[in-house]
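Q: Got a structure for you, written out below as structure tokens; questions coming shortly.
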Amino acid sequence: MSEWLVPAHVDRSKVVDFDLFEDRRFAQAESPHAALYALNKEAGCGIYWSPHNRGHWMVTSLELAHEVAKNTELFSSTEMTLPPMPPELEPKLIPLNLDPPEHRRYRLPLTTAFAPRRVAALEGMVRSYAVELIEAVAKGKRCDFVHAIAEPFPIITFMRLMGMDTTRLHEFRTWITDLMSPDESPRARAYQNIRLMMGELIEARLARREDDLISFLLDTPIDGRPPTVEEMHGYAMLLFAAGLDTVANALAFSMSHLASDQALQEQLRTDPSLIPKAVEEFLRLYGVPIPPRTVTRDAEFGGVHLKKGERVALVLPAANLDPEAFPQPYRLDLTRSNSKHVAFNVGPHTCAGRYLARMELRVLLEEWFARMPNVRHDPESTRQYRLGLTLACIKLPLVWD
Ligand code: HEM
């Protein structure tokens, strides 16, 4: 472990050799979540200093995760890159990268747009996409679940919700994949293309409103005035970043669990009323984002000394496996009360799309069990994961009889 990545104010007992992007535990464990569970068992849940990625704090206990998320005065969202980028290169996603009180003004229109009543009205449309995708897969005896379902399903739903032209699905899907690329040039190209497409859509809706999210946001004032075109672009970019990869990965991790548990598949097919409970357990067990915060001033917190400017990774997927909060945390338990889990975080930045996300997961599983026999992991092809601030399952080969 490199000593220079451990500053003098950090107590040595609080240093844990864990690298969020390429830790040795990830190579040894069967999945990213198994690796985080191994970390919890080894170090205990709490707040630790990771000497990797230029050094940062990691919060892995549920209680401290709640405290960090709610204390926006000490933990700011204005700089969320890790490893840290120069301030001028920090993304400015609205309202993700804003702190209260400014955050609230921009968040309100999204809270209304994704309220339970509006999400419920989308269910029929979401269900018809789920059926279409599953029926295409059901004709065969194997598939890569990520390519066939987990990835396109939230994208089609989202395009329809926004009011985008779904005949451009293929093109748009390529851009979304490029947007998640670790390389700069495909990311920049995708960003330009999406911006162009969104620009055309915003212009069209400015001229004539339709029954879609863009029209709704155009008519929802920010501080008593209509949003500017630039603010509309800001919303659109955040929604792409926040609402596509997350649902795709939550779905893929859930299906991966199911493929290893034949009895659970039987149980959910026989009694679909258990599916919402299963969705909640999947969300807890297989958290996706690890959002960072930046410390705003020197302070004592959770028994450690924090210095202004330090990054704190909210390792929400590890906090959801905290044995203090969830007995036998790495076990799926349909009778568990999950009210405290942080899959969507808590506090002012709680996921604005959580009702939509839950509905997408539930509907997809309902239609899956209505049409598909039990599935297993394909013994001839391996699962693939991607680590980092979004835990991802990028390939999930399945077979069935
Ligand atoms: C299973 C799927 C999803 C998961 C696990 C998830 C998780 C999260 C988490 C943990 C945050 C908090 C980030 C932070 O504290 O910095 C967040 C924020 C957000 N999410 Fe989601 N999300 C999901 C789906 C969605 C969907 C479908 C949408 C909308 C289309 C969405 C829109 C947002 C927005 C707008 C924010 C920013 C909220 C703010 O800063 O006030 N998410 N999400």
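Identifiers for the structure tokens are assigned positionally: chains receive A, B, ... in sequence, residues are indexed from 1 per chain, and ligands are indexed from 1 in the order shown.
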Could you list, as JSON, numbers by chain, all protein and nucleic acid residues with an atom at most 8 Å from ligand 1, counting only C-alpha atoms and all ligand atoms?
A: {"A": [69, 77, 80, 94, 95, 96, 97, 98, 103, 104, 107, 110, 114, 154, 158, 235, 238, 239, 240, 242, 243, 244, 245, 246, 247, 248, 249, 250, 251, 283, 287, 288, 289, 290, 291, 292, 293, 316, 342, 343, 344, 345, 346, 347, 348, 349, 350, 351, 352, 353, 354, 355, 356, 357, 358, 361]}
Q: I'd like the neighbourhood of Pro276 of chain A as a VMD selection string, where a residue qualifies if any of its atoms comes within 10 Å (using only C-alpha atoms), though same-chain residues fewer than 4 positions away should be ignored.
A: chain A and resid 272 280 to 282 334 358 to 359 361 to 363 365 to 366
Q: Name the residues in contact with Arg12 of chain A at a cut-off of 10 Å, using only C-alpha atoms, excluding same-chain residues fewer than 5 positions from it; report them as a ChimeraX atom specification.
A: /A:6-7,48-49
Q: With C-alpha atoms kept, could you save the residues just selected as a short mmCIF file (atom, residue, chain, number, x, y, z; two decimals), in the first residue's frame?
A:
```cif
data_model
loop_
_atom_site.label_atom_id
_atom_site.label_comp_id
_atom_site.auth_asym_id
_atom_site.auth_seq_id
_atom_site.Cartn_x
_atom_site.Cartn_y
_atom_site.Cartn_z
CA VAL A 6 -2.59 8.06 3.40
CA PRO A 7 -2.45 11.64 4.78
CA TYR A 48 -12.62 3.88 6.06
CA TRP A 49 -9.86 5.49 4.07
#
```
Q: Name the closest residue to Gly44 of chain A among the candidates A:Lys395, A:His147, A:Lys14, A:His66; distances are taken between atoms, counting only C-alpha atoms.
A: A:Lys14
Q: Residues of segment 214-315 of chain A in strand (DSSP E) according to DSSP, as number ranges by chain?
A: A: 292-295, 299-301, 304-306, 311-314
Q: Do a neighbour search on Asp223 of chain A at 10 Å with only C-alpha atoms, toss out local chain neighbours closer than 3 positions, and write the hits as a list in words.
A: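 In the requested format, the answer is Arg105, Tyr106, Thr220, Pro226 and Pro227 of chain A.
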Q: Restricted to all heavy atoms, what would the selected residues look like written as a short mmCIF file (atom, residue, chain, number, x, y, z; two decimals), in the first residue's frame?
A:
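Result written to selection-v1.cif:
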```cif
data_model
loop_
_atom_site.label_atom_id
_atom_site.label_comp_id
_atom_site.auth_asym_id
_atom_site.auth_seq_id
_atom_site.Cartn_x
_atom_site.Cartn_y
_atom_site.Cartn_z
N ARG A 105 -35.12 23.89 -6.12
CA ARG A 105 -35.84 24.55 -7.22
C ARG A 105 -35.87 23.69 -8.47
O ARG A 105 -36.84 23.61 -9.19
CB ARG A 105 -35.14 25.88 -7.57
CG ARG A 105 -35.31 26.95 -6.55
CD ARG A 105 -35.04 28.30 -7.16
NE ARG A 105 -33.62 28.54 -7.42
CZ ARG A 105 -32.77 28.97 -6.49
NH1 ARG A 105 -33.18 29.18 -5.26
NH2 ARG A 105 -31.51 29.19 -6.79
N TYR A 106 -34.73 23.05 -8.76
CA TYR A 106 -34.62 22.25 -9.98
C TYR A 106 -35.15 20.84 -9.81
O TYR A 106 -35.49 20.16 -10.77
CB TYR A 106 -33.15 22.20 -10.44
CG TYR A 106 -32.67 23.53 -10.96
CD1 TYR A 106 -32.07 24.44 -10.11
CD2 TYR A 106 -32.86 23.88 -12.29
CE1 TYR A 106 -31.64 25.67 -10.57
CE2 TYR A 106 -32.45 25.10 -12.77
CZ TYR A 106 -31.83 26.00 -11.90
OH TYR A 106 -31.43 27.22 -12.37
N THR A 220 -43.50 23.38 -16.73
CA THR A 220 -43.35 23.39 -15.27
C THR A 220 -42.32 24.45 -14.88
O THR A 220 -41.12 24.29 -15.16
CB THR A 220 -42.91 22.00 -14.75
OG1 THR A 220 -43.80 21.04 -15.29
CG2 THR A 220 -42.93 21.93 -13.24
N PRO A 226 -40.41 29.92 -17.08
CA PRO A 226 -40.24 28.66 -17.81
C PRO A 226 -38.76 28.26 -17.85
O PRO A 226 -37.89 29.13 -17.80
CB PRO A 226 -40.72 28.97 -19.23
CG PRO A 226 -41.24 30.36 -19.20
CD PRO A 226 -40.82 31.02 -17.93
N PRO A 227 -38.45 26.96 -17.95
CA PRO A 227 -37.03 26.56 -18.03
C PRO A 227 -36.41 27.05 -19.35
O PRO A 227 -37.11 27.15 -20.35
CB PRO A 227 -37.10 25.03 -18.02
CG PRO A 227 -38.49 24.67 -18.42
CD PRO A 227 -39.36 25.81 -18.02
#
```
Q: Tell me which of A:Arg336, A:His377, A:Arg160, A:Arg127 sits closest to Glu210 of chain A, counting only C-alpha atoms.
A: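 Residue with the minimum atom-to-atom distance to Glu210 of chain A: A:Arg160.
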Q: Select, from A:Glu171, A:Glu231, A:Glu88, A:Asp165, the residue with the minimum atom-to-atom distance to Glu200 of chain A, counting only C-alpha atoms.
A: A:Asp165
Q: If you run DSSP on the backbone here, which positions in segment 88-266 of chain A get helix (DSSP H, G or I)? Please write them as a PyMOL selection string.
A: chain A and resi 88-89+102-113+116-121+123-138+145-150+152-162+166-179+184-207+213-218+229-243+245-259+262-266
Q: Would you export the selected residues with C-alpha atoms as a compact mmCIF listing (two decimals), in the first residue's frame, please?
A:
```txt
# COMPACT_ATOMS: atom_id res chain seq x y z
CA GLU A 88 -13.59 23.04 -14.57
CA LEU A 89 -14.07 19.47 -15.89
CA GLU A 102 -30.62 25.72 -5.01
CA HIS A 103 -31.11 21.98 -5.55
CA ARG A 104 -34.76 22.14 -4.48
CA ARG A 105 -35.84 24.55 -7.22
CA TYR A 106 -34.62 22.25 -9.98
CA ARG A 107 -35.66 19.04 -8.29
CA LEU A 108 -39.34 19.98 -7.87
CA PRO A 109 -40.35 19.59 -11.55
CA LEU A 110 -38.78 16.10 -11.61
CA THR A 111 -40.53 15.09 -8.38
CA THR A 112 -43.84 16.02 -10.02
CA ALA A 113 -42.95 14.42 -13.37
CA PRO A 116 -46.49 7.68 -8.39
CA ARG A 117 -49.71 8.74 -10.17
CA ARG A 118 -47.90 9.73 -13.37
CA VAL A 119 -45.76 6.58 -13.26
CA ALA A 120 -48.88 4.41 -12.85
CA ALA A 121 -50.27 5.92 -16.06
CA GLU A 123 -47.60 1.01 -16.85
CA GLY A 124 -49.60 -0.21 -19.85
CA MET A 125 -47.02 1.14 -22.29
CA VAL A 126 -44.09 -0.30 -20.27
CA ARG A 127 -45.84 -3.67 -20.11
CA SER A 128 -46.31 -3.85 -23.87
CA TYR A 129 -42.53 -3.29 -24.42
CA ALA A 130 -41.73 -5.94 -21.83
CA VAL A 131 -43.99 -8.46 -23.60
CA GLU A 132 -42.50 -7.64 -27.01
CA LEU A 133 -38.90 -8.15 -25.84
CA ILE A 134 -39.63 -11.33 -23.86
CA GLU A 135 -41.63 -12.92 -26.67
CA ALA A 136 -38.73 -12.37 -29.06
CA VAL A 137 -36.39 -14.17 -26.63
CA ALA A 138 -38.87 -16.95 -25.73
CA PHE A 145 -30.15 -11.27 -21.07
CA VAL A 146 -28.30 -7.93 -21.01
CA HIS A 147 -28.27 -7.50 -24.78
CA ALA A 148 -31.77 -8.90 -25.39
CA ILE A 149 -33.70 -7.34 -22.51
CA ALA A 150 -31.96 -5.48 -19.67
CA PRO A 152 -33.13 -2.13 -24.52
CA PHE A 153 -36.07 -2.27 -22.09
CA PRO A 154 -35.32 0.94 -20.10
CA ILE A 155 -34.14 2.67 -23.30
CA ILE A 156 -37.42 2.09 -25.19
CA THR A 157 -39.43 3.04 -22.10
CA PHE A 158 -37.40 6.17 -21.70
CA MET A 159 -37.59 7.23 -25.38
CA ARG A 160 -41.38 6.92 -25.25
CA LEU A 161 -41.59 8.80 -21.96
CA MET A 162 -39.50 11.67 -23.32
CA THR A 166 -38.64 5.24 -31.31
CA THR A 167 -37.82 4.31 -34.93
CA ARG A 168 -34.36 5.71 -34.05
CA LEU A 169 -33.96 3.15 -31.23
CA HIS A 170 -30.95 1.41 -32.76
CA GLU A 171 -29.06 4.66 -33.31
CA PHE A 172 -29.92 5.95 -29.86
CA ARG A 173 -28.90 2.69 -28.20
CA THR A 174 -25.43 2.95 -29.76
CA TRP A 175 -25.05 6.48 -28.40
CA ILE A 176 -26.12 5.42 -24.92
CA THR A 177 -23.55 2.60 -24.98
CA ASP A 178 -20.90 5.09 -26.14
CA LEU A 179 -21.89 7.53 -23.40
CA GLU A 184 -13.15 10.09 -24.22
CA SER A 185 -13.81 10.16 -27.98
CA PRO A 186 -16.91 7.90 -28.25
CA ARG A 187 -18.29 9.68 -25.19
CA ALA A 188 -17.85 13.12 -26.78
CA ARG A 189 -19.39 11.93 -30.09
CA ALA A 190 -22.38 10.38 -28.30
CA TYR A 191 -22.87 13.51 -26.22
CA GLN A 192 -22.95 15.68 -29.39
CA ASN A 193 -25.40 13.35 -31.17
CA ILE A 194 -27.73 13.13 -28.20
CA ARG A 195 -27.60 16.89 -27.74
CA LEU A 196 -28.52 17.38 -31.40
CA MET A 197 -31.41 14.93 -31.17
CA MET A 198 -32.67 16.51 -27.92
CA GLY A 199 -32.27 20.02 -29.43
CA GLU A 200 -34.59 19.06 -32.31
CA LEU A 201 -37.09 17.55 -29.89
CA ILE A 202 -37.10 20.59 -27.58
CA GLU A 203 -37.60 22.91 -30.62
CA ALA A 204 -40.51 20.78 -31.85
CA ARG A 205 -42.20 20.77 -28.42
CA LEU A 206 -41.65 24.51 -27.99
CA ALA A 207 -43.64 24.92 -31.21
CA LEU A 213 -42.06 14.52 -20.43
CA ILE A 214 -40.37 17.24 -22.50
CA SER A 215 -43.71 19.07 -22.91
CA PHE A 216 -44.43 18.60 -19.21
CA LEU A 217 -41.06 20.05 -18.15
CA LEU A 218 -41.43 22.98 -20.57
CA VAL A 229 -33.40 25.51 -23.48
CA GLU A 230 -30.03 24.98 -21.73
CA GLU A 231 -31.78 23.84 -18.54
CA MET A 232 -33.90 21.46 -20.63
CA HIS A 233 -30.67 19.96 -22.03
CA GLY A 234 -29.36 19.68 -18.45
CA TYR A 235 -32.42 17.71 -17.36
CA ALA A 236 -32.25 15.46 -20.41
CA MET A 237 -28.55 14.60 -19.90
CA LEU A 238 -29.08 13.77 -16.23
CA LEU A 239 -32.07 11.58 -17.01
CA PHE A 240 -30.02 9.62 -19.60
CA ALA A 241 -27.20 9.20 -17.12
CA ALA A 242 -29.44 8.36 -14.15
CA GLY A 243 -32.30 6.34 -15.59
CA ASP A 245 -27.78 2.15 -16.96
CA THR A 246 -29.19 1.88 -13.43
CA VAL A 247 -32.37 0.03 -14.44
CA ALA A 248 -30.46 -2.16 -16.92
CA ASN A 249 -27.99 -3.26 -14.23
CA ALA A 250 -30.58 -3.73 -11.50
CA LEU A 251 -32.48 -6.00 -13.92
CA ALA A 252 -29.38 -7.95 -14.94
CA PHE A 253 -28.23 -8.54 -11.35
CA SER A 254 -31.76 -9.64 -10.39
CA MET A 255 -31.95 -12.11 -13.27
CA SER A 256 -28.47 -13.40 -12.46
CA HIS A 257 -29.65 -14.16 -8.93
CA LEU A 258 -32.76 -15.90 -10.28
CA ALA A 259 -30.72 -18.03 -12.67
CA GLN A 262 -34.45 -22.48 -9.34
CA ALA A 263 -36.78 -22.67 -6.32
CA LEU A 264 -37.22 -18.89 -6.24
CA GLN A 265 -38.18 -18.90 -9.94
CA GLU A 266 -40.86 -21.54 -9.24
```
Q: Mind giving me the straight-line distance from atom CA of Asp144 of chain A to atom CA of His33 of chain A in Å, one decimal?
A: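 Computed distance, atom CA of Asp144 of chain A to atom CA of His33 of chain A, equals 20.5 Å.
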Q: Which neighbours of Val10 of chain A fall inside 9 Å, counting only C-alpha atoms, when residues of the same chain fewer than 6 positions from it are skipped, and could you give them as an MDAnalysis selection string?
A: chainID A and resid 49 304:306
